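Below is data01.pdb, holding PDB, C-alpha atoms.
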```pdb
MODEL        1
ATOM      1  CA  MET A  29      14.102  29.983  -1.456
ATOM      2  CA  MET A  30      14.393  28.545  -4.938
ATOM      3  CA  LEU A  31      16.383  25.360  -5.432
ATOM      4  CA  CYS A  32      16.787  25.683  -9.181
ATOM      5  CA  PRO A  33      16.830  29.182 -10.676
ATOM      6  CA  ASP A  34      16.013  27.987 -14.221
ATOM      7  CA  ARG A  35      13.084  25.821 -13.160
ATOM      8  CA  PRO A  36       9.767  27.269 -11.979
ATOM      9  CA  GLU A  37       8.591  26.105  -8.562
ATOM     10  CA  SER A  38       5.376  24.704 -10.045
ATOM     11  CA  ASP A  39       7.435  22.038 -11.874
ATOM     12  CA  LEU A  40       9.036  20.679  -8.687
ATOM     13  CA  PRO A  41       7.886  17.161  -7.734
ATOM     14  CA  TRP A  42       6.790  17.994  -4.167
ATOM     15  CA  GLY A  43       3.935  15.502  -4.314
ATOM     16  CA  GLU A  44       6.245  12.556  -4.979
ATOM     17  CA  SER A  45       6.814  10.258  -2.026
ATOM     18  CA  ASP A  46       9.823   8.375  -3.362
ATOM     19  CA  THR A  47      12.907  10.022  -1.876
ATOM     20  CA  GLU A  48      15.270   8.582  -4.459
ATOM     21  CA  THR A  49      13.127   9.983  -7.285
ATOM     22  CA  LEU A  50      13.251  13.412  -5.671
ATOM     23  CA  LEU A  51      17.007  13.210  -5.168
ATOM     24  CA  ASP A  52      17.571  12.020  -8.724
ATOM     25  CA  THR A  53      15.421  14.880 -10.009
ATOM     26  CA  PHE A  54      17.337  17.449  -8.004
ATOM     27  CA  ASN A  55      20.741  15.938  -8.777
ATOM     28  CA  GLY A  56      20.000  15.729 -12.484
ATOM     29  CA  GLN A  57      18.566  19.209 -12.873
ATOM     30  CA  CYS A  58      19.957  21.392 -10.094
ATOM     31  CA  TRP A  59      23.436  20.172  -9.355
ATOM     32  CA  SER A  60      24.506  19.669 -12.945
ATOM     33  CA  MET A  61      23.492  23.158 -14.071
ATOM     34  CA  PRO A  62      26.252  25.213 -15.652
ATOM     35  CA  ALA A  63      27.713  27.820 -13.367
ATOM     36  CA  GLU A  64      26.333  31.312 -13.757
ATOM     37  CA  PRO A  65      28.559  34.350 -13.183
ATOM     38  CA  LYS A  66      27.656  36.684 -10.336
ATOM     39  CA  GLU A  67      26.818  40.228 -11.229
ATOM     40  CA  GLY A  68      29.814  42.552 -11.061
ATOM     41  CA  ASP A  69      32.194  39.695 -10.236
ATOM     42  CA  GLY A  70      32.987  38.465 -13.722
ATOM     43  CA  GLN A  71      33.951  35.017 -12.420
ATOM     44  CA  ALA A  72      31.987  31.788 -12.654
ATOM     45  CA  HIS A  73      31.197  29.994  -9.405
ATOM     46  CA  SER A  74      30.599  26.273  -9.779
ATOM     47  CA  VAL A  75      27.813  24.458  -8.011
ATOM     48  CA  HIS A  76      29.340  21.590  -6.024
ATOM     49  CA  LEU A  77      27.677  18.196  -5.792
ATOM     50  CA  PRO A  78      27.291  17.475  -2.067
ATOM     51  CA  THR A  79      29.259  14.452  -0.887
ATOM     52  CA  LEU A  80      27.216  11.951   1.055
ATOM     53  CA  SER A  81      28.326  10.903   4.511
ATOM     54  CA  ARG A  82      28.750   7.261   5.380
ATOM     55  CA  GLU A  83      25.437   7.332   7.282
ATOM     56  CA  GLU A  84      23.554   8.872   4.338
ATOM     57  CA  LYS A  85      24.961   6.239   1.971
ATOM     58  CA  ARG A  86      23.923   3.524   4.418
ATOM     59  CA  ARG A  87      20.383   4.938   4.626
ATOM     60  CA  ARG A  88      20.051   5.045   0.844
ATOM     61  CA  ARG A  89      21.285   1.463   0.496
ATOM     62  CA  ARG A  90      18.870   0.271   3.211
ATOM     63  CA  ALA A  91      15.947   1.981   1.504
ATOM     64  CA  THR A  92      15.994  -0.369  -1.484
ATOM     65  CA  ALA A  93      13.465  -3.189  -1.756
ATOM     66  CA  LYS A  94      16.239  -5.696  -2.489
ATOM     67  CA  TYR A  95      18.021  -4.817   0.762
ATOM     68  CA  ARG A  96      14.802  -5.005   2.808
ATOM     69  CA  CYS A  97      13.944  -8.415   1.343
ATOM     70  CA  ALA A  98      17.439  -9.761   2.064
ATOM     71  CA  HIS A  99      17.319  -8.348   5.604
ATOM     72  CA  ALA A 100      13.917  -9.946   6.252
ATOM     73  CA  THR A 101      15.240 -13.299   5.023
ATOM     74  CA  ARG A 102      18.294 -13.080   7.301
ATOM     75  CA  GLU A 103      16.068 -12.170  10.236
ATOM     76  CA  ARG A 104      13.755 -15.151   9.590
ATOM     77  CA  VAL A 105      16.762 -17.520   9.480
ATOM     78  CA  ARG A 106      18.080 -15.997  12.722
ATOM     79  CA  VAL A 107      14.723 -16.406  14.510
ATOM     80  CA  VAL A 108      14.327 -20.015  13.338
ATOM     81  CA  SER A 109      17.836 -20.823  14.577
ATOM     82  CA  PHE A 110      17.124 -19.081  17.889
ATOM     83  CA  ASN A 111      13.882 -21.039  18.385
ATOM     84  CA  ARG A 112      15.598 -24.313  17.460
ATOM     85  CA  ALA A 113      18.264 -23.692  20.118
ATOM     86  CA  PHE A 114      15.567 -23.044  22.737
ATOM     87  CA  SER A 115      13.737 -26.245  21.818
ATOM     88  CA  GLU A 116      16.972 -28.268  22.112
ATOM     89  CA  LEU A 117      17.684 -26.708  25.512
ATOM     90  CA  ARG A 118      14.094 -27.452  26.548
ATOM     91  CA  LYS A 119      14.562 -31.166  25.731
ATOM     92  CA  LEU A 120      17.477 -31.338  28.197
ATOM     93  CA  LEU A 121      15.537 -29.898  31.139
ATOM     94  CA  PRO A 122      13.473 -32.132  33.455
ATOM     95  CA  THR A 123       9.879 -30.983  34.007
ATOM     96  CA  LEU A 124       6.616 -32.600  35.022
ATOM     97  CA  PRO A 125       4.868 -33.242  32.700
ATOM     98  CA  PRO A 126       7.748 -33.641  30.224
ATOM     99  CA  ASP A 127       5.819 -32.081  27.338
ATOM    100  CA  LYS A 128       4.805 -28.959  29.294
ATOM    101  CA  LYS A 129       4.960 -25.784  27.187
ATOM    102  CA  LEU A 130       7.432 -23.258  28.640
ATOM    103  CA  SER A 131       8.178 -19.708  27.623
ATOM    104  CA  LYS A 132      11.719 -18.714  26.687
ATOM    105  CA  ILE A 133      12.290 -16.950  29.992
ATOM    106  CA  GLU A 134      10.989 -19.992  31.879
ATOM    107  CA  ILE A 135      13.368 -22.206  29.904
ATOM    108  CA  LEU A 136      16.305 -19.953  30.797
ATOM    109  CA  ARG A 137      15.368 -19.782  34.479
ATOM    110  CA  LEU A 138      14.843 -23.529  34.677
ATOM    111  CA  ALA A 139      18.208 -24.106  32.948
ATOM    112  CA  ILE A 140      19.951 -21.879  35.509
ATOM    113  CA  CYS A 141      18.325 -23.774  38.384
ATOM    114  CA  TYR A 142      19.151 -27.141  36.830
ATOM    115  CA  ILE A 143      22.816 -26.196  36.302
ATOM    116  CA  SER A 144      23.013 -25.015  39.927
ATOM    117  CA  TYR A 145      21.481 -28.311  41.072
ATOM    118  CA  LEU A 146      23.969 -30.343  39.003
ATOM    119  CA  ASN A 147      26.880 -28.303  40.438
ATOM    120  CA  HIS A 148      25.572 -28.988  43.947
ATOM    121  CA  VAL A 149      25.310 -32.739  43.221
ATOM    122  CA  LEU A 150      28.911 -32.805  41.908
ATOM    123  CA  ASP A 151      30.219 -30.939  44.986
ATOM    124  CA  VAL A 152      28.626 -33.364  47.474
TER     125      VAL A 152
ENDMDL
END
```

Structure encoded using structure tokens:
Amino acid sequence: MMLCPDRPESDLPWGESDTETLLDTFNGQCWSMPAEPKEGDGQAHSVHLPTLSREEKRRRRRATAKYRCAHATRERVRVVSFNRAFSELRKLLPTLPPDKKLSKIEILRLAICYISYLNHVLDV
């Protein structure tokens, strides 16, 4: 199956790994070709540029280095905020020794137990 009738297959950039370069090559050379009439028909049939779905547009946008860098920065800020919240919660929980290192799940379980204890103290 040939993608571009006017272009030999040996000129196609199959070795390129950059998807956008491949798409740009195909869009620039295959989709914009003038329509050729079919034999015996006498009418020209145009080659339509495929419309991209919302998901395909999203994938292309996410493939850029700028987007990946911005996403990584947002993720770092989110993780720092998450860890800060755990450390503040940890300061409010009583443990022996007070500076004992706890995992996040241990902090959550201890917080649940401590809240239950405080509810019990208020009910009595």

Using Å and a single decimal, report how far CA of Ser81 in chain A sits from CA of Cys97 in chain A.
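One can read the CA of Cys97 in chain A to CA of Ser81 in chain A distance as 24.3 Å.
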
Find the residues around range 105-114 of chain A up to 10 Å (only C-alpha atoms counted), leave out those fewer than 3 positions away in its own chain, and share them as an mmCIF file with C-alpha atoms, in the coordinates of the input.
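Writing done, so here's result-v5.cif:
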```
data_model
loop_
_atom_site.group_PDB
_atom_site.id
_atom_site.type_symbol
_atom_site.label_atom_id
_atom_site.label_comp_id
_atom_site.auth_asym_id
_atom_site.auth_seq_id
_atom_site.Cartn_x
_atom_site.Cartn_y
_atom_site.Cartn_z
ATOM 1 C CA HIS A 99 17.319 -8.348 5.604
ATOM 2 C CA ALA A 100 13.917 -9.946 6.252
ATOM 3 C CA THR A 101 15.240 -13.299 5.023
ATOM 4 C CA ARG A 102 18.294 -13.080 7.301
ATOM 5 C CA LEU A 117 17.684 -26.708 25.512
ATOM 6 C CA ARG A 118 14.094 -27.452 26.548
ATOM 7 C CA LYS A 119 14.562 -31.166 25.731
ATOM 8 C CA SER A 131 8.178 -19.708 27.623
ATOM 9 C CA LYS A 132 11.719 -18.714 26.687
ATOM 10 C CA ILE A 135 13.368 -22.206 29.904
ATOM 11 C CA LEU A 136 16.305 -19.953 30.797
#
```

Contact residues around Tyr145 in chain A with all atoms listed in the file at 12 Å, ignoring same-chain residues under 6 positions, as number ranges by chain:
A: 121-122, 138-139, 151-152

Would you put the residues from that selection into a file with C-alpha atoms, as a compact mmCIF listing (two decimals), in the coordinates of the input?
```txt
# COMPACT_ATOMS: atom_id res chain seq x y z
CA LEU A 121 15.54 -29.90 31.14
CA PRO A 122 13.47 -32.13 33.46
CA LEU A 138 14.84 -23.53 34.68
CA ALA A 139 18.21 -24.11 32.95
CA ASP A 151 30.22 -30.94 44.99
CA VAL A 152 28.63 -33.36 47.47
```
